[in-house]
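Data block for structure_20.txt (compact mmCIF, C-alpha atoms and all ligand atoms):
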```
# COMPACT_ATOMS: atom_id res chain seq x y z
CA MET P 1 0.00 0.00 0.00
CA ALA P 2 2.59 2.52 1.07
CA GLY P 3 4.83 1.56 -1.85
CA LEU P 4 2.04 1.94 -4.39
CA HIS P 5 0.97 5.35 -3.12
CA THR P 6 4.56 6.55 -3.05
CA VAL P 7 5.01 5.58 -6.70
CA ARG P 8 1.67 7.10 -7.72
CA LEU P 9 2.30 10.39 -5.90
CA LEU P 10 5.86 10.72 -7.19
CA ARG P 11 4.48 10.92 -10.72
CA GLU P 12 1.44 13.00 -9.79
CA LYS P 13 3.70 15.55 -8.09
CA GLY P 14 5.97 15.77 -11.10
CA PHE P 15 8.94 13.54 -10.26
CA GLN P 16 10.63 12.89 -13.60
CA GLY P 17 13.43 10.54 -12.63
CA THR P 18 13.36 6.78 -13.09
CA ILE P 19 11.31 4.76 -10.60
CA THR P 20 11.94 1.09 -9.87
CA PHE P 21 9.20 -0.61 -7.84
CA LEU P 22 10.49 -3.78 -6.20
CA GLY P 23 8.14 -6.19 -4.39
CA ALA P 24 8.56 -9.68 -2.99
CA GLU P 25 4.99 -10.68 -3.93
CA GLU P 26 4.10 -11.58 -7.52
CA HIS P 27 0.99 -9.39 -7.53
CA VAL P 28 0.46 -5.75 -8.23
CA PRO P 29 -0.17 -4.05 -4.87
CA TYR P 30 -3.51 -4.80 -3.23
CA ASP P 31 -5.47 -3.88 -0.14
CA ARG P 32 -5.04 -6.22 2.82
CA PRO P 33 -8.19 -5.30 4.83
CA PRO P 34 -10.51 -7.38 2.57
CA LEU P 35 -8.34 -10.47 3.18
CA SER P 36 -9.86 -11.05 6.62
CA LYS P 37 -13.33 -9.83 5.60
CA ALA P 38 -14.83 -10.00 2.08
CA VAL P 39 -12.35 -12.56 0.72
CA LEU P 40 -13.07 -15.08 3.50
CA LYS P 41 -16.83 -14.61 3.26
CA TYR P 42 -16.98 -14.76 -0.49
CA ARG P 43 -18.86 -17.77 -1.80
CA GLY P 44 -19.93 -16.42 -5.22
CA GLU P 45 -19.01 -17.25 -8.78
CA ASP P 46 -16.74 -14.34 -9.67
CA ALA P 47 -13.01 -14.68 -9.33
CA VAL P 48 -11.95 -14.11 -5.76
CA GLU P 49 -9.25 -11.81 -7.15
CA ASP P 50 -12.02 -9.31 -7.96
CA VAL P 51 -13.28 -9.38 -4.38
CA ALA P 52 -9.79 -8.59 -3.14
CA GLU P 53 -9.53 -5.80 -5.73
CA LEU P 54 -6.14 -7.10 -6.66
CA ALA P 55 -5.87 -4.99 -9.75
CA PHE P 56 -5.42 -1.42 -8.63
CA ALA P 57 -6.35 1.09 -11.29
CA PHE P 58 -2.89 2.52 -11.75
CA ASP P 59 -1.19 2.45 -15.10
CA PHE P 60 2.43 1.72 -14.22
CA GLU P 61 3.41 1.49 -17.86
CA ALA P 62 2.01 4.91 -18.76
CA ALA P 63 3.75 6.30 -15.67
CA GLY P 64 7.05 4.84 -16.85
CA VAL P 65 7.58 2.76 -13.70
CA THR P 66 9.83 -0.30 -13.90
CA LEU P 67 8.09 -3.11 -12.06
CA ARG P 68 10.11 -5.86 -10.43
CA PHE P 69 7.46 -7.91 -8.67
CA GLY P 70 8.27 -11.35 -7.31
CA GLU P 71 11.72 -10.03 -6.46
CA ARG P 72 13.04 -9.49 -2.95
CA ALA P 73 15.56 -6.93 -1.75
CA VAL P 74 18.16 -8.86 0.22
CA ALA P 75 20.87 -6.34 1.02
CA TRP P 76 21.72 -2.67 1.09
CA SER P 77 24.98 -0.89 0.47
CA PRO P 78 25.39 2.90 0.43
CA GLY P 79 23.54 4.12 -2.66
CA ALA P 80 22.25 0.73 -3.84
CA VAL P 81 19.84 -2.12 -3.12
CA ILE P 82 20.79 -5.69 -3.96
CA THR P 83 18.04 -8.07 -5.11
CA ALA P 84 17.76 -11.81 -4.54
CA ALA P 85 18.81 -12.32 -8.17
CA GLY P 86 22.05 -10.47 -7.36
CA ASP P 87 21.17 -7.30 -9.25
CA ARG P 88 22.49 -4.04 -7.88
CA LEU P 89 19.95 -1.20 -8.15
CA PRO P 90 21.56 2.20 -7.57
CA TYR P 91 19.35 4.97 -6.20
CA ASP P 92 19.34 8.67 -5.35
CA ALA P 93 16.43 8.15 -2.94
CA LEU P 94 15.26 4.86 -1.44
CA VAL P 95 11.83 4.33 0.11
CA VAL P 96 11.50 1.22 2.30
CA ALA P 97 7.84 0.16 2.51
CA THR P 98 8.27 -3.52 3.35
CA GLY P 99 5.43 -3.82 5.89
CA GLY P 100 5.46 -6.59 8.47
CA GLU P 101 5.74 -10.35 8.67
CA PRO P 102 3.25 -12.25 10.82
CA VAL P 103 4.72 -13.53 14.08
CA ARG P 104 4.87 -17.33 13.83
CA LEU P 105 4.74 -19.81 16.68
CA GLY P 106 6.11 -22.87 14.89
CA PHE P 107 2.67 -24.32 14.09
CA GLY P 108 -0.44 -23.27 12.20
CA GLU P 109 -1.00 -20.84 9.35
CA THR P 110 -0.87 -17.03 9.36
CA LEU P 111 -2.80 -14.41 7.38
CA ARG P 112 -0.99 -11.61 5.59
CA THR P 113 -1.13 -12.24 1.85
CA PHE P 114 -3.77 -12.92 -0.76
CA GLU P 115 -2.59 -16.54 -1.01
CA ASP P 116 -2.91 -16.93 2.76
CA ALA P 117 -6.51 -15.67 2.56
CA VAL P 118 -7.48 -17.97 -0.31
CA ARG P 119 -6.00 -20.97 1.54
CA LEU P 120 -7.79 -20.03 4.75
CA ARG P 121 -11.08 -19.49 2.90
CA GLU P 122 -10.94 -23.04 1.62
CA THR P 123 -10.51 -24.45 5.14
CA ILE P 124 -13.40 -22.71 6.90
CA GLY P 125 -16.33 -24.67 5.50
CA ALA P 126 -19.33 -25.92 7.46
CA GLY P 127 -18.50 -28.55 10.07
CA LYS P 128 -14.76 -27.84 10.04
CA ARG P 129 -13.01 -27.02 13.28
CA LEU P 130 -10.83 -23.91 13.28
CA ALA P 131 -8.59 -22.89 16.18
CA ILE P 132 -7.49 -19.26 16.22
CA VAL P 133 -4.57 -18.23 18.39
CA GLY P 134 -5.02 -14.57 19.39
CA ALA P 135 -8.23 -12.60 20.00
CA GLY P 136 -6.91 -9.42 18.36
CA TRP P 137 -8.30 -7.57 15.34
CA ILE P 138 -7.50 -10.22 12.76
CA GLY P 139 -8.48 -13.09 15.06
CA ALA P 140 -11.90 -11.49 15.60
CA GLU P 141 -12.47 -10.87 11.89
CA VAL P 142 -11.51 -14.41 10.93
CA ALA P 143 -13.74 -15.80 13.72
CA THR P 144 -16.59 -13.74 12.26
CA ALA P 145 -16.10 -15.13 8.75
CA ALA P 146 -15.55 -18.70 9.94
CA ARG P 147 -18.71 -18.70 12.05
CA ALA P 148 -20.67 -17.27 9.11
CA ALA P 149 -19.40 -20.21 7.04
CA GLY P 150 -20.65 -22.68 9.66
CA CYS P 151 -17.23 -23.56 10.99
CA GLU P 152 -16.68 -24.47 14.64
CA VAL P 153 -14.35 -21.85 16.10
CA VAL P 154 -12.25 -21.91 19.27
CA VAL P 155 -10.18 -18.81 19.99
CA HIS P 156 -7.23 -19.10 22.39
CA GLU P 157 -6.20 -15.80 23.96
CA ALA P 158 -3.17 -15.55 26.24
CA ARG P 159 -4.47 -12.50 28.11
CA GLU P 160 -7.48 -12.31 30.40
CA ARG P 161 -9.70 -10.79 27.70
CA PRO P 162 -9.50 -9.64 24.06
CA LEU P 163 -7.22 -6.67 23.33
CA ALA P 164 -6.23 -6.40 26.99
CA ALA P 165 -3.05 -4.53 26.05
CA VAL P 166 -5.06 -1.85 24.28
CA PHE P 167 -8.37 -1.38 26.10
CA PRO P 168 -9.66 -1.42 29.68
CA ALA P 169 -11.79 -4.28 31.00
CA ALA P 170 -15.17 -2.69 30.18
CA VAL P 171 -14.29 -2.71 26.46
CA GLY P 172 -12.55 -6.11 26.29
CA ASP P 173 -15.29 -7.80 28.31
CA ALA P 174 -17.93 -6.46 25.92
CA MET P 175 -15.93 -7.77 22.96
CA ALA P 176 -15.68 -11.20 24.62
CA VAL P 177 -19.47 -11.33 24.59
CA TRP P 178 -19.47 -10.76 20.80
CA TYR P 179 -17.48 -13.96 20.29
CA ARG P 180 -19.92 -15.96 22.37
CA GLN P 181 -22.99 -14.43 20.72
CA ALA P 182 -21.57 -15.49 17.35
CA GLY P 183 -21.17 -19.05 18.64
CA ALA P 184 -17.37 -19.00 18.87
CA VAL P 185 -15.69 -20.43 21.96
CA LEU P 186 -13.32 -17.86 23.47
CA ARG P 187 -10.74 -19.23 25.90
CA CYS P 188 -8.96 -16.41 27.70
CA SER P 189 -5.83 -16.72 29.88
CA ASP P 190 -4.98 -19.60 27.57
CA PRO P 191 -1.48 -19.15 26.15
CA ILE P 192 -0.76 -22.11 23.95
CA SER P 193 2.58 -23.34 22.74
CA ALA P 194 1.56 -26.22 20.46
CA ALA P 195 -1.16 -26.78 17.87
CA PRO P 196 -4.47 -27.66 19.56
CA GLN P 197 -5.17 -31.32 18.84
CA ASP P 198 -8.93 -30.93 18.46
CA ALA P 199 -8.77 -28.59 15.43
CA ASP P 200 -8.68 -29.29 11.68
CA HIS P 201 -6.88 -26.00 11.06
CA VAL P 202 -5.02 -23.51 13.19
CA LEU P 203 -4.64 -19.82 12.45
CA VAL P 204 -1.98 -17.97 14.40
CA ALA P 205 -2.94 -14.27 14.64
CA VAL P 206 -0.64 -12.82 17.27
CA GLY P 207 0.69 -9.77 15.47
CA ALA P 208 3.25 -8.79 12.86
CA ARG P 209 6.85 -7.69 13.05
CA PRO P 210 8.90 -5.88 10.42
CA ASP P 211 11.80 -7.81 9.00
CA THR P 212 14.45 -5.18 8.30
CA ARG P 213 17.50 -7.37 8.85
CA TRP P 214 18.27 -7.31 5.13
CA LEU P 215 19.17 -3.62 5.44
CA GLY P 216 22.17 -4.47 7.63
CA PRO P 217 23.55 -2.68 10.69
CA ALA P 218 23.76 0.91 9.38
CA PHE P 219 20.12 1.65 10.20
CA HIS P 220 18.67 2.64 13.57
CA ARG P 221 15.81 0.41 14.66
CA ALA P 222 13.26 0.13 17.45
CA SER P 223 13.29 -3.04 19.57
CA ASP P 224 10.66 -4.66 17.30
CA GLY P 225 12.92 -4.25 14.25
CA SER P 226 10.97 -1.32 12.76
CA LEU P 227 13.03 1.51 11.30
CA LEU P 228 13.35 4.63 13.43
CA VAL P 229 12.59 7.61 11.21
CA SER P 230 12.25 11.33 11.73
CA GLU P 231 9.00 13.28 11.46
CA HIS P 232 9.95 13.57 7.77
CA LEU P 233 10.09 9.75 7.55
CA GLU P 234 13.81 9.78 6.81
CA THR P 235 15.97 7.12 8.43
CA ASN P 236 19.33 7.92 10.00
CA VAL P 237 20.86 7.20 6.57
CA PRO P 238 20.35 10.32 4.42
CA GLY P 239 18.20 9.69 1.35
CA VAL P 240 16.61 6.52 2.76
CA TYR P 241 12.99 6.82 3.91
CA ALA P 242 10.64 4.34 5.57
CA VAL P 243 6.85 4.45 5.45
CA GLY P 244 3.84 2.34 6.47
CA ASP P 245 3.96 -0.59 8.88
CA VAL P 246 7.77 -0.83 8.75
CA ALA P 247 8.36 2.67 10.17
CA ALA P 248 8.43 3.97 13.73
CA TYR P 249 8.16 7.70 13.10
CA ARG P 250 8.92 10.57 15.42
CA SER P 251 5.56 12.07 16.26
CA LEU P 252 5.50 15.73 17.24
CA ARG P 253 1.85 15.26 18.22
CA TYR P 254 2.93 12.70 20.83
CA GLY P 255 5.83 14.57 22.35
CA GLY P 256 8.50 13.40 19.93
CA GLU P 257 7.95 9.73 20.80
CA HIS P 258 8.56 7.25 17.99
CA ILE P 259 5.31 5.51 17.17
CA ARG P 260 4.53 2.64 14.82
CA VAL P 261 1.02 2.56 13.41
CA GLU P 262 0.22 -0.72 11.69
CA HIS P 263 -2.95 0.42 9.97
CA TRP P 264 -4.15 1.10 6.47
CA ASP P 265 -4.75 4.84 6.93
CA ASN P 266 -1.14 5.39 8.00
CA ALA P 267 0.16 3.53 4.95
CA LEU P 268 -2.08 5.69 2.77
CA ARG P 269 -1.02 9.04 4.26
CA GLY P 270 2.69 8.50 4.85
CA PRO P 271 3.59 8.65 1.15
CA ASP P 272 2.42 12.30 0.96
CA ALA P 273 5.24 13.31 3.28
CA VAL P 274 7.82 10.98 1.73
CA VAL P 275 7.15 12.27 -1.76
CA ALA P 276 7.22 15.94 -0.72
CA ASN P 277 10.51 15.39 1.09
CA VAL P 278 12.04 13.48 -1.84
CA ILE P 279 11.00 16.07 -4.42
CA GLU P 280 11.35 19.32 -2.49
CA GLY P 281 14.06 18.36 -0.01
CA VAL P 282 13.96 16.96 3.52
CA GLY P 283 11.85 19.17 5.75
CA ALA P 284 9.17 19.95 3.17
CA GLU P 285 6.45 17.91 4.92
CA VAL P 286 5.90 16.33 8.32
CA HIS P 287 4.00 13.05 8.76
CA ASP P 288 1.85 13.28 11.88
CA PRO P 289 -1.79 12.32 11.28
CA VAL P 290 -4.15 11.44 14.11
CA PRO P 291 -3.93 7.61 13.99
CA TYR P 292 -7.08 5.90 12.72
CA PHE P 293 -8.22 2.37 12.01
CA TRP P 294 -11.33 0.32 11.65
CA SER P 295 -12.29 -3.31 12.02
CA GLU P 296 -15.43 -5.17 11.00
CA GLN P 297 -16.25 -7.92 13.43
CA PHE P 298 -19.32 -9.87 14.47
CA GLY P 299 -21.58 -7.60 12.40
CA ARG P 300 -20.19 -4.45 13.98
CA MET P 301 -18.16 -1.59 12.56
CA VAL P 302 -15.47 -0.78 15.12
CA GLN P 303 -13.47 2.42 14.59
CA TYR P 304 -10.78 4.03 16.68
CA VAL P 305 -9.15 7.41 16.28
CA GLY P 306 -6.36 8.96 18.35
CA ARG P 307 -4.12 7.39 20.96
CA HIS P 308 -4.94 7.12 24.65
CA SER P 309 -2.62 6.38 27.51
CA ALA P 310 -3.27 4.29 30.60
CA THR P 311 -3.65 7.43 32.70
CA ASP P 312 -6.43 8.88 30.52
CA ARG P 313 -9.97 8.60 31.81
CA MET P 314 -12.42 6.58 29.72
CA VAL P 315 -15.98 7.88 29.47
CA LEU P 316 -18.61 5.60 27.95
CA ARG P 317 -21.34 6.85 25.64
CA GLY P 318 -24.04 4.23 25.98
CA SER P 319 -23.61 0.70 27.28
CA PRO P 320 -21.06 -1.67 25.71
CA HIS P 321 -23.77 -4.30 25.85
CA GLU P 322 -25.91 -2.34 23.37
CA PRO P 323 -25.41 -2.81 19.61
CA SER P 324 -23.87 0.66 19.29
CA TRP P 325 -21.86 2.69 21.81
CA ALA P 326 -18.64 4.63 22.08
CA ALA P 327 -15.81 5.29 24.50
CA VAL P 328 -14.01 8.62 24.74
CA TRP P 329 -10.66 9.10 26.49
CA LEU P 330 -9.80 12.37 28.24
CA ASP P 331 -6.36 13.31 29.51
CA PRO P 332 -5.88 14.86 32.97
CA LEU P 333 -6.66 18.29 31.46
CA HIS P 334 -9.94 16.84 30.04
CA ARG P 335 -8.68 17.06 26.46
CA ALA P 336 -10.00 14.40 24.08
CA THR P 337 -7.22 11.92 23.23
CA ALA P 338 -9.09 9.05 21.57
CA VAL P 339 -12.51 7.76 20.54
CA LEU P 340 -13.61 4.17 20.04
CA ALA P 341 -16.89 4.00 18.16
CA VAL P 342 -18.90 0.81 17.75
CA GLY P 343 -21.60 1.36 15.14
CA ARG P 344 -21.47 5.13 15.77
CA PRO P 345 -19.73 6.64 12.73
CA ARG P 346 -20.87 10.17 13.63
CA ASP P 347 -19.09 9.95 16.99
CA LEU P 348 -16.00 8.84 15.12
CA ALA P 349 -16.15 11.72 12.63
CA GLN P 350 -16.74 14.30 15.34
CA GLY P 351 -14.23 12.62 17.63
CA ARG P 352 -11.54 12.83 14.97
CA ARG P 353 -11.87 16.63 14.89
CA LEU P 354 -12.00 16.92 18.67
CA VAL P 355 -8.94 14.71 19.13
CA ALA P 356 -7.01 16.53 16.39
CA ALA P 357 -7.71 19.84 18.10
CA GLY P 358 -7.17 18.46 21.63
CA THR P 359 -10.53 19.98 22.60
CA VAL P 360 -11.42 20.11 26.30
CA LEU P 361 -14.63 18.13 26.89
CA ASP P 362 -17.14 18.02 29.70
CA ALA P 363 -17.20 14.38 30.84
CA ALA P 364 -20.86 14.45 31.94
CA ARG P 365 -21.94 15.68 28.52
CA VAL P 366 -19.70 13.17 26.75
CA ALA P 367 -21.61 10.46 28.61
CA ASP P 368 -24.92 11.67 27.17
CA ALA P 369 -25.12 9.36 24.15
CA GLY P 370 -28.25 11.13 22.93
CA ALA P 371 -26.42 14.43 22.36
CA PRO P 372 -23.81 15.01 19.65
CA LEU P 373 -20.27 14.49 20.90
CA THR P 374 -19.30 17.98 19.76
CA SER P 375 -21.82 19.45 22.20
CA ALA P 376 -19.52 18.30 25.04
CA ALA P 377 -16.86 20.84 23.99
CA MET P 378 -16.17 23.34 26.77
C1 LIG P 401 -5.56 -9.58 6.99
C2 LIG P 401 -5.35 -8.12 7.29
C3 LIG P 401 -6.44 -7.29 7.53
C4 LIG P 401 -6.26 -5.95 7.82
N1 LIG P 401 -7.36 -5.17 8.07
C5 LIG P 401 -7.19 -3.87 8.39
C6 LIG P 401 -8.32 -3.05 8.69
O1 LIG P 401 -9.46 -3.50 8.68
N2 LIG P 401 -8.10 -1.75 9.00
C7 LIG P 401 -6.85 -1.20 9.02
O2 LIG P 401 -6.71 -0.01 9.32
N3 LIG P 401 -5.76 -1.94 8.72
C8 LIG P 401 -5.90 -3.27 8.42
N4 LIG P 401 -4.80 -4.04 8.13
C9 LIG P 401 -3.46 -3.42 8.17
C10 LIG P 401 -3.08 -2.82 6.81
O3 LIG P 401 -3.39 -3.69 5.78
C11 LIG P 401 -1.59 -2.51 6.82
O4 LIG P 401 -1.37 -1.50 7.79
C12 LIG P 401 -1.06 -2.06 5.46
O5 LIG P 401 -1.16 -3.08 4.52
C13 LIG P 401 0.39 -1.62 5.58
O6 LIG P 401 0.88 -1.27 4.31
P1 LIG P 401 2.45 -1.33 3.99
O7 LIG P 401 2.57 -0.86 2.59
O8 LIG P 401 3.20 -0.67 5.06
O9 LIG P 401 2.84 -2.87 4.11
P2 LIG P 401 2.32 -4.16 3.27
O10 LIG P 401 0.92 -3.95 2.80
O11 LIG P 401 2.59 -5.33 4.16
O12 LIG P 401 3.28 -4.22 2.03
C14 LIG P 401 4.65 -4.53 2.17
C15 LIG P 401 5.09 -5.27 0.93
O13 LIG P 401 6.52 -5.35 0.94
C16 LIG P 401 6.92 -6.63 0.51
N5 LIG P 401 8.26 -6.91 1.03
C17 LIG P 401 8.62 -7.23 2.31
N6 LIG P 401 9.97 -7.39 2.40
C18 LIG P 401 10.47 -7.17 1.16
C19 LIG P 401 11.78 -7.16 0.62
N7 LIG P 401 12.87 -7.41 1.36
N8 LIG P 401 11.92 -6.91 -0.72
C20 LIG P 401 10.84 -6.62 -1.49
N9 LIG P 401 9.57 -6.60 -1.02
C21 LIG P 401 9.39 -6.87 0.28
C22 LIG P 401 5.86 -7.54 1.10
O14 LIG P 401 5.83 -8.76 0.40
C23 LIG P 401 4.59 -6.70 0.87
O15 LIG P 401 4.03 -6.96 -0.36
C24 LIG P 401 -4.96 -5.40 7.85
C25 LIG P 401 -3.84 -6.23 7.61
C26 LIG P 401 -4.02 -7.58 7.33
C27 LIG P 401 -2.84 -8.46 7.08
```
Give the structure from this file in structure tokens form.
Ligand SMILES: Cc1cc2nc3c(=O)[nH]c(=O)nc-3n(C[C@H](O)[C@H](O)[C@H](O)COP(=O)(O)OP(=O)(O)OC[C@H]3O[C@@H](n4cnc5c(N)ncnc54)[C@H](O)[C@@H]3O)c2cc1C
Amino acid sequence: MAGLHTVRLLREKGFQGTITFLGAEEHVPYDRPPLSKAVLKYRGEDAVEDVAELAFAFDFEAAGVTLRFGERAVAWSPGAVITAAGDRLPYDALVVATGGEPVRLGFGETLRTFEDAVRLRETIGAGKRLAIVGAGWIGAEVATAARAAGCEVVVHEARERPLAAVFPAAVGDAMAVWYRQAGAVLRCSDPISAAPQDADHVLVAVGARPDTRWLGPAFHRASDGSLLVSEHLETNVPGVYAVGDVAAYRSLRYGGEHIRVEHWDNALRGPDAVVANVIEGVGAEVHDPVPYFWSEQFGRMVQYVGRHSATDRMVLRGSPHEPSWAAVWLDPLHRATAVLAVGRPRDLAQGRRLVAAGTVLDAARVADAGAPLTSAAM
């Protein structure tokens, strides 16, 4: 995603140099969100490739872009990238947009690519038994699709409830109910270290990690292997940028902390800054959007905007046991830091503006789910 948008914007913004677009997968770039949603649920006649929207409407040939798909970058030396075939590709600017690799546990399948999704889709038929390791975003979406296909689903979660590292108990406990209502068995506090014996298939969905080892020791990295980049998305090596899931960027919004946002919206927006900095010179544009993502699970649209910390106060709008509700986080100065909206897109849209502006909110009015969120502004 981030690679595609970088290439597209380079040409749209007038970059006239040569562009080589290298990618380990054989396909033209595609969206990953449908892989755990529409692709798994699809039971129709059309080619599943169409459901995944594999063919992005971008004319690489007309844009004069050299495509090298199915080819992996395996090493870096100053001013050049070396491919698996041993070719040396010199560059003036290099953009690393290599995403993340699913964390593997030594058993089971993972879900990251189109091929993974097609394989998984074929295993989740009626009467099959699927074990999912991890009750995170992807685990929940796959459980949704597998239950819809009539598959028996058991989800093993190491923590005491879903998304315990991200949300307080009131939110995770409500999400646990969604699994049960859909007929999936959710086993919390159940860290497993071997494939469950009672399953036909096992999906391991415990997160992704960037593999940046191929770049060698010259680059500064965070402990998870992601590349540490400035607010301009430049690495410590001049002329080399990183964008999308692979990058931990310095966020001025969050006090200069390096943050890694593994979501679609970040991969879509990052290229704007990269391209401006490549064309106009480093410093032309800062990447610092309010983080946003969505997930579709158990018939619900779940959206989150912002970034809350453990010390922020969570205020509920409506009950998490209702079909639609929201949670709003306020910092100690009562400024909005994040909004989680379940089936409440208007709260999300308004919340995005309030979070971006750091608006001070009145907690009692936030809690009034019948009034617009913006009316809580002080
Ligand atoms: C199943 C699934 C569902 C998702 N659903 C949502 C959702 O609902 N909402 C949301 O906000 N986000 C979602 N995401 C996250 C979102 O898709 C990612 O944040 C986004 O794809 C990141 O884009 P990227 O370009 O950084 O990385 P990627 O899309 O991972 O692209 C990186 C590419 O680089 C290639 N590559 C890696 N190493 C090399 C190398 N050495 N040489 C050459 N090529 C290499 C990889 O093969 C890959 O094609 C989902 C992700 C998955 C896997």
| query | Out of P:Gly99, P:Pro238, P:Gly283, P:Gly70, which residue has the shortest atom-to-atom distance to ligand LIG 401 (chain P) when counting only C-alpha atoms and all ligand atoms? | reply |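 Looking at the shortest contact to ligand LIG 401 (chain P), the residue is P:Gly99.
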| said: From the options P:Ala176, P:Val202, P:Leu35, P:Ala273, which residue's atoms come nearest to P:Glu115, counting all atoms listed in the file? | reply: P:Leu35
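Using only C-alpha atoms and all ligand atoms, the smallest distance between any of P:Arg121, P:Arg68, P:Arg159, P:His263 and ligand LIG 401 (chain P) comes from P:His263.
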| task | Find, counting only C-alpha atoms and all ligand atoms, the residue in P:Gly139, P:Gly256, P:Gly183, P:Pro372 that gets nearest to ligand LIG 401 (chain P). | result | P:Gly139
| note | note - atom CA of P:Gly299 and atom CA of P:Thr144 are separated by 7.9 Å
Dump as a Markdown table the rows for residues of chain P within 7 Å of ligand LIG 401 (chain P): closest atom pair and distance in Å with one decimal, all atoms listed in the file counted, ordered by chain and rising residue number.
```
| residue | atom | partner | partner_atom | distance |
| --- | --- | --- | --- | --- |
| P:Met1 | CA | P:LIG401 | O7 | 3.7 |
| P:Ala2 | CA | P:LIG401 | O7 | 3.7 |
| P:Gly3 | CA | P:LIG401 | O7 | 5.5 |
| P:Leu22 | CA | P:LIG401 | C20 | 5.5 |
| P:Gly23 | CA | P:LIG401 | N9 | 3.7 |
| P:Ala24 | CA | P:LIG401 | N9 | 3.8 |
| P:Glu25 | CA | P:LIG401 | O14 | 4.8 |
| P:Pro29 | CA | P:LIG401 | O15 | 6.8 |
| P:Asp31 | CA | P:LIG401 | O3 | 6.3 |
| P:Arg32 | CA | P:LIG401 | O3 | 4.2 |
| P:Pro33 | CA | P:LIG401 | N1 | 3.3 |
| P:Pro34 | CA | P:LIG401 | C3 | 6.4 |
| P:Leu35 | CA | P:LIG401 | C1 | 4.8 |
| P:Ser36 | CA | P:LIG401 | C1 | 4.6 |
| P:Glu71 | CA | P:LIG401 | C20 | 6.1 |
| P:Arg72 | CA | P:LIG401 | N8 | 3.6 |
| P:Ala73 | CA | P:LIG401 | N8 | 3.8 |
| P:Val74 | CA | P:LIG401 | N7 | 5.6 |
| P:Ala97 | CA | P:LIG401 | O8 | 5.4 |
| P:Thr98 | CA | P:LIG401 | O13 | 3.5 |
| P:Gly99 | CA | P:LIG401 | O9 | 3.3 |
| P:Gly100 | CA | P:LIG401 | O11 | 5.3 |
| P:Leu111 | CA | P:LIG401 | C1 | 5.6 |
| P:Arg112 | CA | P:LIG401 | C27 | 3.9 |
| P:Thr113 | CA | P:LIG401 | C27 | 6.7 |
| P:Ile138 | CA | P:LIG401 | C3 | 6.1 |
| P:Asp211 | CA | P:LIG401 | N6 | 6.9 |
| P:Trp214 | CA | P:LIG401 | N7 | 6.6 |
| P:Val243 | CA | P:LIG401 | O8 | 6.3 |
| P:Gly244 | CA | P:LIG401 | O8 | 3.4 |
| P:Asp245 | CA | P:LIG401 | O8 | 3.9 |
| P:Val246 | CA | P:LIG401 | O8 | 5.9 |
| P:Glu262 | CA | P:LIG401 | O4 | 4.3 |
| P:His263 | CA | P:LIG401 | O4 | 3.3 |
| P:Trp264 | CA | P:LIG401 | O2 | 4.0 |
| P:Asp265 | CA | P:LIG401 | O2 | 5.8 |
| P:Asn266 | CA | P:LIG401 | O4 | 6.9 |
| P:Ala267 | CA | P:LIG401 | O6 | 4.9 |
| P:Tyr292 | CA | P:LIG401 | O2 | 6.8 |
| P:Phe293 | CA | P:LIG401 | O2 | 3.9 |
| P:Trp294 | CA | P:LIG401 | N2 | 4.7 |
| P:Ser295 | CA | P:LIG401 | O1 | 4.4 |
| P:Glu296 | CA | P:LIG401 | O1 | 6.6 |
```
| field | Which of P:Thr66, P:Asn277, P:Ser309, P:Thr123 sits closest to P:Asp200 [using only C-alpha atoms] | value | P:Thr123
| said: If we count only C-alpha atoms and set the cut-off at 10 Å, which residues sit around P:Ser189, ignoring sequence neighbours fewer than 3 positions away in its own chain? Please answer as a ChimeraX atom specification. | reply: /P:156-162,186,192
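One finds atom CA of P:Leu227 at 14.2 Å from atom CA of P:Glu101.
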Would you write out, as a Markdown table, a table of all residues in stretch 201-320 of chain P that have an atom no more than 12 Å from an atom of stretch 10-14 of chain P, listing for each the closest atom pair and the distance in Å to one decimal, considering all atoms listed in the file and ordering rows by chain and rising residue number?
```
| residue | atom | partner | partner_atom | distance |
| --- | --- | --- | --- | --- |
| P:Pro271 | CA | P:Leu10 | CA | 8.9 |
| P:Asp272 | CA | P:Leu10 | CA | 9.0 |
| P:Ala273 | CA | P:Leu10 | CA | 10.8 |
| P:Val274 | CA | P:Leu10 | CA | 9.1 |
| P:Val275 | CA | P:Leu10 | CA | 5.8 |
| P:Ala276 | CA | P:Lys13 | CA | 8.2 |
| P:Asn277 | CA | P:Leu10 | CA | 10.6 |
| P:Val278 | CA | P:Leu10 | CA | 8.6 |
| P:Ile279 | CA | P:Leu10 | CA | 7.9 |
| P:Glu280 | CA | P:Lys13 | CA | 10.2 |
```
For the residues in the current selection, export C-alpha atoms as a PDB file, in the coordinates of the input.
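Okay, this is what ended up in out10.pdb:
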```pdb
ATOM      1  CA  PRO P 271       3.590   8.650   1.150  1.00  0.00           C
ATOM      2  CA  ASP P 272       2.420  12.300   0.960  1.00  0.00           C
ATOM      3  CA  ALA P 273       5.240  13.310   3.280  1.00  0.00           C
ATOM      4  CA  VAL P 274       7.820  10.980   1.730  1.00  0.00           C
ATOM      5  CA  VAL P 275       7.150  12.270  -1.760  1.00  0.00           C
ATOM      6  CA  ALA P 276       7.220  15.940  -0.720  1.00  0.00           C
ATOM      7  CA  ASN P 277      10.510  15.390   1.090  1.00  0.00           C
ATOM      8  CA  VAL P 278      12.040  13.480  -1.840  1.00  0.00           C
ATOM      9  CA  ILE P 279      11.000  16.070  -4.420  1.00  0.00           C
ATOM     10  CA  GLU P 280      11.350  19.320  -2.490  1.00  0.00           C
TER      11      GLU P 280
END
```
